>>> print(open('structure-v3.txt').read())   # compact mmCIF, C-alpha atoms
# COMPACT_ATOMS: atom_id res chain seq x y z
CA MET A 35 -98.91 -3.64 -108.17
CA GLY A 36 -101.29 -1.95 -105.75
CA ARG A 37 -104.16 -4.10 -106.94
CA GLN A 38 -102.03 -7.21 -106.50
CA ILE A 39 -101.22 -6.32 -102.88
CA ILE A 40 -104.89 -5.72 -102.05
CA LYS A 41 -105.93 -8.93 -103.77
CA TYR A 42 -103.35 -11.09 -102.00
CA GLY A 43 -104.01 -9.28 -98.72
CA LEU A 44 -107.71 -10.15 -98.90
CA MET A 45 -106.84 -13.70 -99.93
CA PHE A 46 -104.52 -13.99 -96.90
CA ILE A 47 -107.19 -12.82 -94.45
CA GLY A 48 -109.94 -14.89 -96.09
CA LEU A 49 -107.89 -18.07 -96.04
CA VAL A 50 -106.70 -17.60 -92.43
CA LEU A 51 -110.27 -17.05 -91.20
CA THR A 52 -111.67 -20.01 -93.17
CA GLN A 53 -108.88 -22.19 -91.85
CA VAL A 54 -109.00 -21.33 -88.15
CA LEU A 55 -112.73 -20.77 -87.75
CA VAL A 56 -114.14 -23.54 -89.93
CA LEU A 57 -111.66 -26.16 -91.12
CA ASN A 58 -109.71 -26.51 -87.86
CA HIS A 59 -112.93 -27.77 -86.28
CA ILE A 60 -113.62 -30.46 -88.83
CA GLN A 61 -113.09 -33.79 -87.22
CA PHE A 62 -113.74 -37.07 -88.88
CA SER A 63 -112.57 -40.17 -86.98
CA GLY A 64 -109.39 -38.39 -85.93
CA PHE A 65 -107.99 -38.52 -89.44
CA VAL A 66 -109.03 -35.57 -91.49
CA ASN A 67 -107.68 -32.06 -90.94
CA PRO A 68 -107.90 -30.30 -94.29
CA TYR A 69 -105.49 -27.38 -94.63
CA ILE A 70 -106.35 -25.06 -97.49
CA TYR A 71 -104.38 -21.99 -96.37
CA LEU A 72 -101.53 -23.29 -98.54
CA LEU A 73 -103.57 -22.03 -101.51
CA PHE A 74 -102.12 -18.60 -100.73
CA VAL A 75 -98.59 -19.81 -101.44
CA LEU A 76 -99.74 -21.87 -104.44
CA LEU A 77 -101.38 -18.87 -106.13
CA LEU A 78 -98.52 -16.36 -105.78
CA PRO A 79 -97.43 -15.18 -109.26
CA LEU A 80 -94.76 -17.38 -110.80
CA SER A 81 -92.60 -14.36 -111.49
CA SER A 82 -92.49 -13.23 -107.85
CA PRO A 83 -88.96 -13.17 -106.38
CA ARG A 84 -88.08 -16.18 -104.27
CA TYR A 85 -87.47 -14.21 -101.09
CA VAL A 86 -91.00 -12.74 -101.34
CA VAL A 87 -92.51 -16.22 -101.64
CA LEU A 88 -90.45 -17.55 -98.71
CA ILE A 89 -91.22 -14.63 -96.40
CA LEU A 90 -94.94 -14.63 -97.26
CA ALA A 91 -95.07 -18.38 -96.69
CA PHE A 92 -93.45 -17.91 -93.30
CA LEU A 93 -95.95 -15.17 -92.39
CA MET A 94 -98.87 -17.37 -93.44
CA GLY A 95 -97.55 -20.34 -91.47
CA ILE A 96 -96.84 -18.37 -88.31
CA THR A 97 -100.30 -16.75 -88.42
CA ILE A 98 -101.97 -20.16 -88.59
CA ASP A 99 -99.62 -21.32 -85.80
CA ILE A 100 -100.59 -18.47 -83.50
CA PHE A 101 -104.27 -19.21 -83.99
CA SER A 102 -103.88 -22.94 -83.45
CA ASN A 103 -101.24 -22.84 -80.67
CA SER A 104 -98.78 -24.95 -82.63
CA LEU A 105 -95.96 -22.43 -82.87
CA GLY A 106 -93.41 -23.28 -85.56
CA ILE A 107 -95.09 -26.35 -87.05
CA HIS A 108 -97.15 -24.75 -89.82
CA SER A 109 -94.46 -22.19 -90.61
CA PHE A 110 -91.88 -24.96 -91.03
CA ALA A 111 -94.09 -26.98 -93.39
CA THR A 112 -95.18 -23.93 -95.40
CA VAL A 113 -91.66 -22.53 -95.87
CA PHE A 114 -90.57 -26.03 -96.86
CA VAL A 115 -93.03 -26.30 -99.76
CA ALA A 116 -92.54 -22.65 -100.71
CA TYR A 117 -88.84 -23.36 -101.27
CA PHE A 118 -89.56 -26.35 -103.49
CA ARG A 119 -92.35 -24.63 -105.44
CA PRO A 120 -90.21 -23.53 -108.44
CA ILE A 121 -88.71 -27.02 -108.69
CA VAL A 122 -92.14 -28.68 -108.64
CA ILE A 123 -93.38 -26.28 -111.31
CA ARG A 124 -90.35 -26.93 -113.52
CA VAL A 125 -90.80 -30.69 -113.22
CA ILE A 126 -94.51 -30.82 -114.11
CA SER A 127 -94.47 -28.19 -116.90
CA SER A 128 -93.46 -29.07 -120.43
CA ARG A 129 -91.00 -26.68 -122.06
CA GLU A 130 -92.99 -25.64 -125.13
CA GLU A 131 -96.04 -24.55 -123.20
CA ASP A 132 -96.67 -20.88 -122.73
CA MET A 133 -97.05 -20.57 -118.98
CA SER A 134 -99.44 -18.07 -117.47
CA ASP A 135 -97.95 -16.02 -114.63
CA TYR A 136 -100.90 -16.78 -112.38
CA PRO A 137 -100.95 -20.49 -111.51
CA GLY A 138 -104.72 -20.77 -111.13
CA LEU A 139 -107.03 -23.45 -112.50
CA MET A 140 -108.65 -21.23 -115.14
CA GLN A 141 -105.29 -20.11 -116.53
CA ASN A 142 -103.88 -23.61 -116.89
CA LYS A 143 -104.92 -27.10 -117.84
CA LEU A 144 -106.87 -29.04 -115.21
CA SER A 145 -104.30 -31.87 -115.25
CA TRP A 146 -101.45 -29.39 -114.66
CA PHE A 147 -103.23 -27.62 -111.82
CA PHE A 148 -104.30 -30.90 -110.27
CA SER A 149 -100.77 -32.36 -110.20
CA TYR A 150 -99.33 -29.03 -108.98
CA VAL A 151 -101.77 -28.88 -106.04
CA THR A 152 -101.48 -32.58 -105.22
CA ILE A 153 -97.66 -32.63 -105.09
CA MET A 154 -97.48 -29.46 -103.00
CA ILE A 155 -100.26 -30.51 -100.60
CA VAL A 156 -98.91 -34.01 -100.01
CA MET A 157 -95.42 -32.60 -99.36
CA HIS A 158 -96.84 -30.02 -96.96
CA HIS A 159 -99.08 -32.47 -95.08
CA PHE A 160 -96.28 -35.03 -94.83
CA VAL A 161 -93.88 -32.55 -93.18
CA LEU A 162 -96.68 -31.07 -91.06
CA PHE A 163 -98.10 -34.28 -89.59
CA TYR A 164 -94.76 -35.93 -88.86
CA LEU A 165 -93.43 -32.75 -87.26
CA GLU A 166 -96.63 -32.52 -85.20
CA VAL A 167 -96.39 -36.02 -83.74
CA PHE A 168 -92.57 -35.88 -83.81
CA THR A 169 -92.18 -39.65 -83.89
CA PHE A 170 -92.05 -42.35 -86.53
CA SER A 171 -93.42 -44.89 -84.03
CA ASN A 172 -96.94 -44.88 -85.47
CA PHE A 173 -95.62 -44.44 -89.02
CA LEU A 174 -98.58 -45.97 -90.86
CA GLY A 175 -101.18 -44.24 -88.71
CA THR A 176 -99.66 -40.85 -89.45
CA LEU A 177 -99.29 -41.75 -93.11
CA ALA A 178 -103.03 -42.49 -93.22
CA ARG A 179 -103.68 -39.04 -91.75
CA VAL A 180 -101.44 -37.48 -94.41
CA PHE A 181 -103.31 -39.36 -97.14
CA PHE A 182 -106.89 -38.68 -96.04
CA SER A 183 -106.25 -35.05 -95.15
CA SER A 184 -104.48 -34.50 -98.49
CA VAL A 185 -107.48 -35.89 -100.38
CA PHE A 186 -109.78 -33.43 -98.63
CA SER A 187 -107.40 -30.48 -98.97
CA VAL A 188 -106.87 -31.07 -102.71
CA PHE A 189 -110.61 -31.47 -103.20
CA ALA A 190 -111.36 -28.24 -101.32
CA ILE A 191 -108.66 -26.29 -103.17
CA VAL A 192 -109.71 -27.44 -106.65
CA LEU A 193 -113.35 -26.72 -105.80
CA SER A 194 -112.48 -23.26 -104.45
CA GLN A 195 -110.94 -22.38 -107.84
CA PHE A 196 -114.40 -22.44 -109.42
CA ILE A 197 -115.75 -20.02 -106.83
CA VAL A 198 -113.08 -17.56 -105.61
CA PHE A 199 -109.54 -16.40 -106.53
CA ARG A 200 -110.20 -17.19 -110.18
CA ASP A 201 -107.89 -14.57 -111.58
CA MET B 256 -63.46 -13.35 -100.27
CA ARG B 257 -65.34 -11.72 -103.11
CA SER B 258 -66.20 -15.08 -104.63
CA LEU B 259 -67.59 -16.23 -101.28
CA LEU B 260 -69.74 -13.14 -101.12
CA ARG B 261 -70.94 -13.68 -104.68
CA TYR B 262 -71.70 -17.31 -103.87
CA LEU B 263 -73.80 -16.28 -100.87
CA ILE B 264 -75.71 -13.69 -102.89
CA ASN B 265 -76.43 -16.20 -105.64
CA ASN B 266 -77.76 -18.68 -103.12
CA TYR B 267 -79.69 -16.22 -100.98
CA ALA B 268 -82.95 -18.16 -101.45
CA PHE B 269 -81.45 -21.29 -99.93
CA LEU B 270 -79.94 -19.34 -97.04
CA LEU B 271 -83.24 -17.56 -96.38
CA PHE B 272 -84.99 -20.92 -96.52
CA LEU B 273 -82.56 -22.38 -93.95
CA PHE B 274 -82.92 -19.32 -91.74
CA LEU B 275 -86.76 -19.45 -91.71
CA GLU B 276 -86.76 -23.20 -91.07
CA VAL B 277 -84.35 -22.81 -88.15
CA VAL B 278 -86.52 -20.04 -86.68
CA SER B 279 -89.57 -22.34 -86.99
CA LEU B 280 -87.75 -25.21 -85.29
CA ILE B 281 -86.62 -22.94 -82.46
CA PHE B 282 -90.29 -22.03 -81.97
CA VAL B 283 -91.30 -25.70 -82.00
CA PHE B 284 -88.76 -26.71 -79.37
CA ASN B 285 -89.31 -23.71 -77.12
CA PHE B 286 -93.07 -23.83 -76.97
CA ASN B 287 -92.89 -25.61 -73.63
CA LYS B 288 -91.43 -22.50 -72.11
CA TYR B 289 -94.75 -20.85 -72.78
CA GLN B 290 -94.17 -17.78 -70.62
CA LYS B 291 -91.67 -16.50 -73.14
CA VAL B 292 -93.98 -16.80 -76.12
CA GLN B 293 -97.09 -15.52 -74.37
CA TYR B 294 -98.04 -13.27 -77.25
CA LEU B 295 -97.68 -15.95 -79.89
CA ASN B 296 -100.66 -18.07 -78.86
CA SER B 297 -104.42 -17.82 -79.14
CA SER B 298 -104.86 -15.93 -75.86
CA ASN B 299 -103.35 -12.75 -77.28
CA ARG B 300 -105.66 -9.83 -77.89
CA ILE B 301 -106.04 -10.07 -81.67
CA THR B 302 -106.50 -13.82 -82.10
CA ALA B 303 -108.70 -14.13 -79.02
CA SER B 304 -110.99 -11.31 -80.17
CA VAL B 305 -111.38 -13.01 -83.56
CA TYR B 306 -112.39 -16.23 -81.80
CA ASN B 307 -114.56 -14.32 -79.34
CA TYR B 308 -116.40 -12.46 -82.09
CA PHE B 309 -116.99 -15.60 -84.14
CA ASP B 310 -118.11 -17.49 -81.04
CA SER B 311 -120.57 -14.75 -80.12
CA VAL B 312 -122.24 -15.39 -83.49
CA VAL B 313 -122.29 -19.19 -83.53
CA LYS B 314 -123.15 -19.66 -79.85
CA TYR B 315 -126.83 -19.10 -80.62
CA PHE B 316 -126.96 -22.38 -82.47
CA GLU B 317 -125.92 -24.19 -79.30
CA LEU B 318 -128.31 -22.48 -76.90
CA ALA B 319 -130.68 -25.44 -76.50
CA LYS B 320 -127.86 -27.79 -75.61
CA ASP B 321 -126.25 -25.29 -73.24
CA ASN B 322 -129.57 -24.71 -71.46
CA GLU B 323 -130.01 -28.40 -70.93
CA MET B 324 -126.50 -28.70 -69.54
CA LEU B 325 -127.02 -25.79 -67.13
CA ALA B 326 -130.37 -27.26 -66.01
CA ARG B 327 -128.63 -30.56 -65.27
CA GLU B 328 -125.93 -28.78 -63.32
CA ASN B 329 -128.59 -26.86 -61.38
CA ALA B 330 -130.39 -30.04 -60.49
CA ARG B 331 -127.13 -31.57 -59.29
CA LEU B 332 -126.30 -28.55 -57.14
CA LYS B 333 -129.81 -28.42 -55.65
CA SER B 334 -129.55 -32.03 -54.59
CA GLN B 335 -126.20 -31.49 -52.89
CA PRO B 336 -127.10 -29.62 -49.67
CA ALA B 337 -129.51 -32.40 -48.77
CA THR B 338 -126.72 -34.95 -48.95
CA PHE B 339 -124.26 -32.77 -47.13
CA GLY B 340 -126.70 -31.71 -44.42
CA SER B 341 -127.71 -35.07 -43.08
CA PRO B 342 -124.99 -36.85 -41.12
CA ALA B 343 -126.64 -40.21 -41.77
CA ASN B 344 -125.70 -40.07 -45.42
CA SER B 345 -122.10 -39.14 -44.88
CA ALA B 346 -121.28 -42.68 -43.82
CA ASP B 347 -121.54 -44.17 -47.31
CA SER B 348 -119.16 -41.68 -48.87
CA ASP B 349 -116.60 -39.18 -47.72
CA THR B 350 -118.72 -36.17 -48.74
CA SER B 351 -117.97 -34.35 -45.49
CA ASP B 352 -114.41 -34.30 -46.71
CA PHE B 353 -115.51 -32.53 -49.91
CA VAL B 354 -117.11 -29.69 -48.00
CA MET B 355 -113.90 -28.99 -46.19
CA HIS B 356 -112.03 -28.96 -49.48
CA ASP B 357 -114.52 -26.82 -51.33
CA LEU B 358 -114.10 -24.02 -48.83
CA ASN B 359 -110.59 -23.52 -50.06
CA TYR B 360 -111.48 -23.23 -53.72
CA ARG B 361 -112.88 -20.35 -55.68
CA TYR B 362 -114.74 -20.82 -58.97
CA ILE B 363 -114.66 -18.41 -61.93
CA SER B 364 -117.13 -19.19 -64.68
CA ALA B 365 -115.92 -18.75 -68.28
CA ARG B 366 -117.00 -19.37 -71.83
CA VAL B 367 -114.96 -21.51 -74.23
CA ILE B 368 -114.20 -19.41 -77.31
CA ASN B 369 -111.92 -21.85 -79.09
CA ASN B 370 -111.33 -25.53 -78.65
CA SER B 371 -110.07 -28.44 -80.74
CA VAL B 372 -110.17 -32.21 -80.42
CA ASN B 373 -108.52 -33.36 -83.65
CA LYS B 374 -104.83 -32.65 -83.03
CA THR B 375 -102.25 -34.46 -80.94
CA LEU B 376 -101.84 -31.30 -78.86
CA ASN B 377 -105.22 -29.71 -78.19
CA TYR B 378 -105.70 -26.36 -76.50
CA ILE B 379 -108.67 -24.46 -75.16
CA THR B 380 -109.15 -20.67 -75.17
CA LEU B 381 -111.39 -19.03 -72.54
CA ASN B 382 -112.89 -15.55 -72.33
CA LYS B 383 -111.61 -14.72 -68.84
CA GLY B 384 -108.11 -13.46 -68.09
CA SER B 385 -105.91 -11.86 -65.48
CA ASN B 386 -108.43 -9.00 -65.03
CA GLU B 387 -110.85 -11.55 -63.54
CA GLY B 388 -108.11 -13.18 -61.45
CA VAL B 389 -107.24 -16.10 -63.71
CA LYS B 390 -103.65 -17.29 -63.32
CA PRO B 391 -101.59 -20.08 -64.88
CA ASP B 392 -101.91 -23.53 -63.26
CA MET B 393 -105.59 -23.17 -62.38
CA GLY B 394 -107.83 -26.13 -63.19
CA ILE B 395 -110.65 -25.99 -65.75
CA ILE B 396 -113.78 -28.10 -65.17
CA SER B 397 -117.12 -28.55 -66.91
CA PRO B 398 -120.36 -29.73 -65.28
CA ASP B 399 -119.60 -33.27 -66.48
CA GLY B 400 -115.95 -33.56 -65.46
CA ILE B 401 -112.50 -32.06 -65.66
CA VAL B 402 -111.37 -30.29 -68.83
CA GLY B 403 -107.80 -29.02 -68.49
CA VAL B 404 -105.43 -26.53 -66.91
CA VAL B 405 -104.64 -22.87 -67.64
CA ILE B 406 -101.12 -22.30 -68.99
CA SER B 407 -101.07 -18.70 -70.16
CA VAL B 408 -103.23 -15.62 -69.58
CA SER B 409 -103.61 -12.19 -71.16
CA ASN B 410 -105.70 -9.34 -69.74
CA SER B 411 -109.05 -10.75 -70.73
CA TYR B 412 -108.37 -14.21 -72.18
CA ALA B 413 -106.76 -17.43 -71.03
CA LEU B 414 -105.19 -20.37 -72.85
CA GLY B 415 -105.14 -23.84 -71.38
CA PHE B 416 -104.01 -27.39 -72.08
CA SER B 417 -107.03 -29.53 -72.78
CA LEU B 418 -106.97 -33.02 -71.26
CA LEU B 419 -106.60 -34.06 -74.91
CA ASN B 420 -102.97 -32.94 -74.97
CA SER B 421 -100.11 -35.38 -74.62
CA ARG B 422 -98.03 -32.75 -72.79
CA TRP B 423 -100.34 -32.69 -69.78
CA GLY B 424 -102.34 -35.24 -67.82
CA PRO B 425 -103.98 -35.07 -64.39
CA SER B 426 -103.57 -37.66 -61.68
CA GLY B 427 -106.57 -40.01 -61.56
CA LYS B 428 -107.81 -42.26 -58.79
CA LEU B 429 -110.04 -45.32 -58.78
CA LYS B 430 -112.89 -44.20 -56.56
CA LYS B 431 -113.56 -47.71 -55.24
CA SER B 432 -110.06 -48.79 -54.21
CA GLY B 433 -108.22 -45.47 -53.94
CA PHE B 434 -105.32 -46.53 -56.20
CA PHE B 435 -104.05 -43.68 -58.35
CA GLY B 436 -102.00 -43.09 -61.47
CA PRO B 437 -101.52 -40.55 -64.25
CA ILE B 438 -104.17 -40.09 -66.95
CA GLU B 439 -102.59 -39.98 -70.39
CA TRP B 440 -104.05 -39.15 -73.77
CA ARG B 441 -101.98 -39.95 -76.84
CA GLY B 442 -104.03 -38.77 -79.79
CA GLY B 443 -106.84 -40.55 -81.61
CA ASP B 444 -110.29 -40.81 -80.11
CA TYR B 445 -111.31 -37.71 -78.11
CA ARG B 446 -113.63 -39.73 -75.86
CA GLU B 447 -110.94 -42.07 -74.59
CA ALA B 448 -107.78 -41.79 -72.47
CA ASN B 449 -105.55 -44.23 -70.57
CA LEU B 450 -105.05 -44.67 -66.83
CA MET B 451 -101.48 -45.74 -66.17
CA GLU B 452 -99.54 -47.40 -63.35
CA ILE B 453 -102.35 -49.39 -61.71
CA PRO B 454 -100.73 -52.65 -60.46
CA PHE B 455 -102.22 -56.08 -61.21
CA HIS B 456 -103.32 -56.86 -57.66
CA VAL B 457 -105.94 -54.09 -57.71
CA GLU B 458 -109.48 -55.36 -58.30
CA LEU B 459 -110.99 -53.73 -61.37
CA ALA B 460 -114.33 -53.86 -63.15
CA VAL B 461 -115.64 -52.23 -66.30
CA GLY B 462 -117.63 -49.17 -65.28
CA ASP B 463 -115.51 -48.26 -62.23
CA THR B 464 -115.45 -44.52 -61.63
CA ILE B 465 -112.19 -42.57 -61.93
CA VAL B 466 -111.95 -39.23 -60.13
CA THR B 467 -109.19 -36.68 -59.52
CA SER B 468 -106.79 -37.73 -56.79
CA GLY B 469 -106.30 -34.29 -55.24
CA HIS B 470 -102.54 -34.88 -55.12
CA SER B 471 -101.76 -31.75 -57.11
CA ALA B 472 -102.82 -28.24 -56.22
CA VAL B 473 -104.72 -27.91 -59.52
CA PHE B 474 -107.90 -29.88 -58.78
CA PRO B 475 -109.79 -30.68 -55.59
CA GLU B 476 -110.18 -34.37 -54.80
CA GLY B 477 -113.08 -36.33 -56.23
CA LEU B 478 -113.91 -34.53 -59.48
CA MET B 479 -115.22 -36.82 -62.20
CA ILE B 480 -112.75 -37.86 -64.91
CA GLY B 481 -114.45 -40.89 -66.43
CA VAL B 482 -115.22 -44.58 -66.10
CA VAL B 483 -113.21 -47.70 -66.95
CA LYS B 484 -114.16 -48.74 -70.47
CA SER B 485 -111.96 -51.80 -70.80
CA PHE B 486 -108.77 -53.17 -69.27
CA SER B 487 -106.21 -55.87 -69.95
CA GLN B 488 -103.11 -57.33 -68.32
CA PRO B 489 -100.30 -57.15 -70.89
CA GLU B 490 -97.78 -59.96 -70.51
CA GLY B 491 -94.37 -59.09 -69.17
CA GLU B 492 -95.55 -55.88 -67.56
CA SER B 493 -96.67 -55.11 -64.05
CA PHE B 494 -99.37 -52.54 -64.75
CA TYR B 495 -102.84 -52.79 -66.24
CA LYS B 496 -103.64 -51.27 -69.61
CA ILE B 497 -106.80 -49.34 -68.75
CA LYS B 498 -108.94 -47.46 -71.24
CA VAL B 499 -110.99 -44.67 -69.71
CA GLN B 500 -114.25 -43.38 -71.16
CA LEU B 501 -113.96 -39.65 -70.48
CA ALA B 502 -116.92 -38.02 -68.71
CA THR B 503 -116.49 -34.67 -70.48
CA ASP B 504 -117.63 -34.46 -74.06
CA PHE B 505 -114.80 -32.26 -75.35
CA LYS B 506 -116.60 -31.56 -78.59
CA SER B 507 -119.51 -29.81 -76.95
CA ILE B 508 -118.10 -27.83 -74.02
CA HIS B 509 -119.16 -24.19 -73.99
CA PHE B 510 -119.31 -23.13 -70.36
CA VAL B 511 -116.61 -24.09 -67.89
CA ASP B 512 -115.43 -23.14 -64.41
CA ILE B 513 -111.87 -22.17 -63.61
CA ILE B 514 -110.85 -23.36 -60.15
CA GLU B 515 -108.52 -21.39 -57.97
CA ASN B 516 -106.94 -23.16 -55.03
CA LEU B 517 -106.78 -20.50 -52.34
CA ASP B 518 -104.31 -22.52 -50.31
CA LYS B 519 -101.99 -23.10 -53.20
CA GLU B 520 -99.14 -20.84 -52.15
CA GLU B 521 -99.15 -22.29 -48.68
CA LEU B 522 -99.19 -25.81 -50.09
CA VAL B 523 -96.42 -25.18 -52.60
CA GLY B 524 -94.36 -23.38 -49.95
CA LEU B 525 -94.71 -26.32 -47.59
CA GLU B 526 -93.69 -28.81 -50.27
CA LYS B 527 -90.72 -26.63 -51.14
CA ILE B 528 -89.53 -26.67 -47.51
CA ILE B 529 -89.63 -30.45 -47.56
CA GLU B 530 -87.77 -30.62 -50.87
CA ASP B 531 -85.13 -28.18 -49.69
CA GLY B 532 -84.77 -30.14 -46.48
CA ALA B 533 -84.28 -33.34 -48.44
CA ALA B 534 -81.69 -31.65 -50.60
CA ASN B 535 -79.75 -30.46 -47.58
CA ASN B 536 -79.57 -33.88 -45.96
>>> encode(input="structure-v3.txt", output="structure tokens")
Amino acid sequence: MGRQIIKYGLMFIGLVLTQVLVLNHIQFSGFVNPYIYLLFVLLLPLSSPRYVVLILAFLMGITIDIFSNSLGIHSFATVFVAYFRPIVIRVISSREEDMSDYPGLMQNKLSWFFSYVTIMIVMHHFVLFYLEVFTFSNFLGTLARVFFSSVFSVFAIVLSQFIVFRD
Amino acid sequence: MRSLLRYLINNYAFLLFLFLEVVSLIFVFNFNKYQKVQYLNSSNRITASVYNYFDSVVKYFELAKDNEMLARENARLKSQPATFGSPANSADSDTSDFVMHDLNYRYISARVINNSVNKTLNYITLNKGSNEGVKPDMGIISPDGIVGVVISVSNSYALGFSLLNSRWGPSGKLKKSGFFGPIEWRGGDYREANLMEIPFHVELAVGDTIVTSGHSAVFPEGLMIGVVKSFSQPEGESFYKIKVQLATDFKSIHFVDIIENLDKEELVGLEKIIEDGAANN
């Protein structure tokens, strides 16, 4: 238990710093803002109680919000996907399979991890970007941002699984 | 009653989810009242020191560029007294006017410790705060042009709206003809904004300079904003659609000046008297 708290605590700090100091400054034709801090919520043990997941997601979101002066936007999107996480996992997992408690890449099949990350990231980015602009007037433009940013976020998250947070 | 209680306990996750989402939305819709959430933005002590520390490491990579910028600014300042001193030159522009204005402004130099250009609402964090006399509603300028306005300060840091923020825009003026209108930025390219409310009868050309109008107490008159990049006359409307090439390169600003208008209270007080008078009549 103690080891878990230290591990997730370090993961929290590492992801927040990477996000606000490096990734928030990536700018590619106004489209791409990769957000990888969601990895923290994705990697919480599957057996963790739902209220823990929701509260940690809120804390993660609000921390990113405070750093990027967007109070409420990231916390809304992160709590949103944290609530739907068990449903997403139930949908993409087949019943017979023996699930590992830690939903990392090394513990599961690549196809499972890839669809898990993709569904969660696209959901998160969709809520995030539309809440940020708060209008459907440039619907396709925002959708393009959701798409391109999701591609980069998924890529960064899958890649990160080979380097850190492996178990 | 007991079944209701049991129902609520069984669905606690959904209720917690709703509660957290409502809290987030309250934050989203109250962010405009920034005084209340002063500690929940990047000018608070913890977040600003993280940015400050990181910036003190990476700033060395930008030294060459910063030196060049400061040298350019120096050259510009050195050439100014000559223009101001000789009365013969003051005929072609209203520079004598500038001198009068500049006396009423105080400049505080600051370093940018965090800045973004890729959101719809971009903010800028500076390493000077209320200890150095920075207050909300002061203008922020770079050597190339205007940057933004301070909205919130802590003891040693300040947070401001960047010009690249759809919630704030300065008032711009065509230097040639004197017509003015609001500058608006609505996301997308960080080098481009729009000048609104310029009527069709005004003569325009690509490359015309746009400067601050001096109509608000934030900026003195005549600071560079940008040049006209392109313009069109949309049918069925009475104003030009003007694209402005911004003078400031928001991606590479590191040193800025915060402008304090020393006459501000007097100015605001005077305007308030007029407003009150109008309300009474």
>>> atom_distance(input="structure-v3.txt", atom1="CA of Trp440 (chain B)", atom2="CA of Asn307 (chain B)")
27.5 Å
>>> interface_residues(input="structure-v3.txt", of="chain B", to="chain A", cutoff="10 Å", atoms="all atoms listed in the file", output="MDAnalysis selection string")
chainID B and resid 267:273 275:286 292 294:299 301:303 305:306 309:310 369:380 414 421 441:445 506
>>> write_last_selection(input="structure-v3.txt", atoms="C-alpha atoms", output="mmCIF file, in the frame of the given file")
data_model
loop_
_atom_site.group_PDB
_atom_site.id
_atom_site.type_symbol
_atom_site.label_atom_id
_atom_site.label_comp_id
_atom_site.auth_asym_id
_atom_site.auth_seq_id
_atom_site.Cartn_x
_atom_site.Cartn_y
_atom_site.Cartn_z
ATOM 1 C CA TYR B 267 -79.690 -16.220 -100.980
ATOM 2 C CA ALA B 268 -82.950 -18.160 -101.450
ATOM 3 C CA PHE B 269 -81.450 -21.290 -99.930
ATOM 4 C CA LEU B 270 -79.940 -19.340 -97.040
ATOM 5 C CA LEU B 271 -83.240 -17.560 -96.380
ATOM 6 C CA PHE B 272 -84.990 -20.920 -96.520
ATOM 7 C CA LEU B 273 -82.560 -22.380 -93.950
ATOM 8 C CA LEU B 275 -86.760 -19.450 -91.710
ATOM 9 C CA GLU B 276 -86.760 -23.200 -91.070
ATOM 10 C CA VAL B 277 -84.350 -22.810 -88.150
ATOM 11 C CA VAL B 278 -86.520 -20.040 -86.680
ATOM 12 C CA SER B 279 -89.570 -22.340 -86.990
ATOM 13 C CA LEU B 280 -87.750 -25.210 -85.290
ATOM 14 C CA ILE B 281 -86.620 -22.940 -82.460
ATOM 15 C CA PHE B 282 -90.290 -22.030 -81.970
ATOM 16 C CA VAL B 283 -91.300 -25.700 -82.000
ATOM 17 C CA PHE B 284 -88.760 -26.710 -79.370
ATOM 18 C CA ASN B 285 -89.310 -23.710 -77.120
ATOM 19 C CA PHE B 286 -93.070 -23.830 -76.970
ATOM 20 C CA VAL B 292 -93.980 -16.800 -76.120
ATOM 21 C CA TYR B 294 -98.040 -13.270 -77.250
ATOM 22 C CA LEU B 295 -97.680 -15.950 -79.890
ATOM 23 C CA ASN B 296 -100.660 -18.070 -78.860
ATOM 24 C CA SER B 297 -104.420 -17.820 -79.140
ATOM 25 C CA SER B 298 -104.860 -15.930 -75.860
ATOM 26 C CA ASN B 299 -103.350 -12.750 -77.280
ATOM 27 C CA ILE B 301 -106.040 -10.070 -81.670
ATOM 28 C CA THR B 302 -106.500 -13.820 -82.100
ATOM 29 C CA ALA B 303 -108.700 -14.130 -79.020
ATOM 30 C CA VAL B 305 -111.380 -13.010 -83.560
ATOM 31 C CA TYR B 306 -112.390 -16.230 -81.800
ATOM 32 C CA PHE B 309 -116.990 -15.600 -84.140
ATOM 33 C CA ASP B 310 -118.110 -17.490 -81.040
ATOM 34 C CA ASN B 369 -111.920 -21.850 -79.090
ATOM 35 C CA ASN B 370 -111.330 -25.530 -78.650
ATOM 36 C CA SER B 371 -110.070 -28.440 -80.740
ATOM 37 C CA VAL B 372 -110.170 -32.210 -80.420
ATOM 38 C CA ASN B 373 -108.520 -33.360 -83.650
ATOM 39 C CA LYS B 374 -104.830 -32.650 -83.030
ATOM 40 C CA THR B 375 -102.250 -34.460 -80.940
ATOM 41 C CA LEU B 376 -101.840 -31.300 -78.860
ATOM 42 C CA ASN B 377 -105.220 -29.710 -78.190
ATOM 43 C CA TYR B 378 -105.700 -26.360 -76.500
ATOM 44 C CA ILE B 379 -108.670 -24.460 -75.160
ATOM 45 C CA THR B 380 -109.150 -20.670 -75.170
ATOM 46 C CA LEU B 414 -105.190 -20.370 -72.850
ATOM 47 C CA SER B 421 -100.110 -35.380 -74.620
ATOM 48 C CA ARG B 441 -101.980 -39.950 -76.840
ATOM 49 C CA GLY B 442 -104.030 -38.770 -79.790
ATOM 50 C CA GLY B 443 -106.840 -40.550 -81.610
ATOM 51 C CA ASP B 444 -110.290 -40.810 -80.110
ATOM 52 C CA TYR B 445 -111.310 -37.710 -78.110
ATOM 53 C CA LYS B 506 -116.600 -31.560 -78.590
#
>>> atom_distance(input="structure-v3.txt", atom1="CA of Val312 (chain B)", atom2="CA of Gly384 (chain B)")
21.0 Å
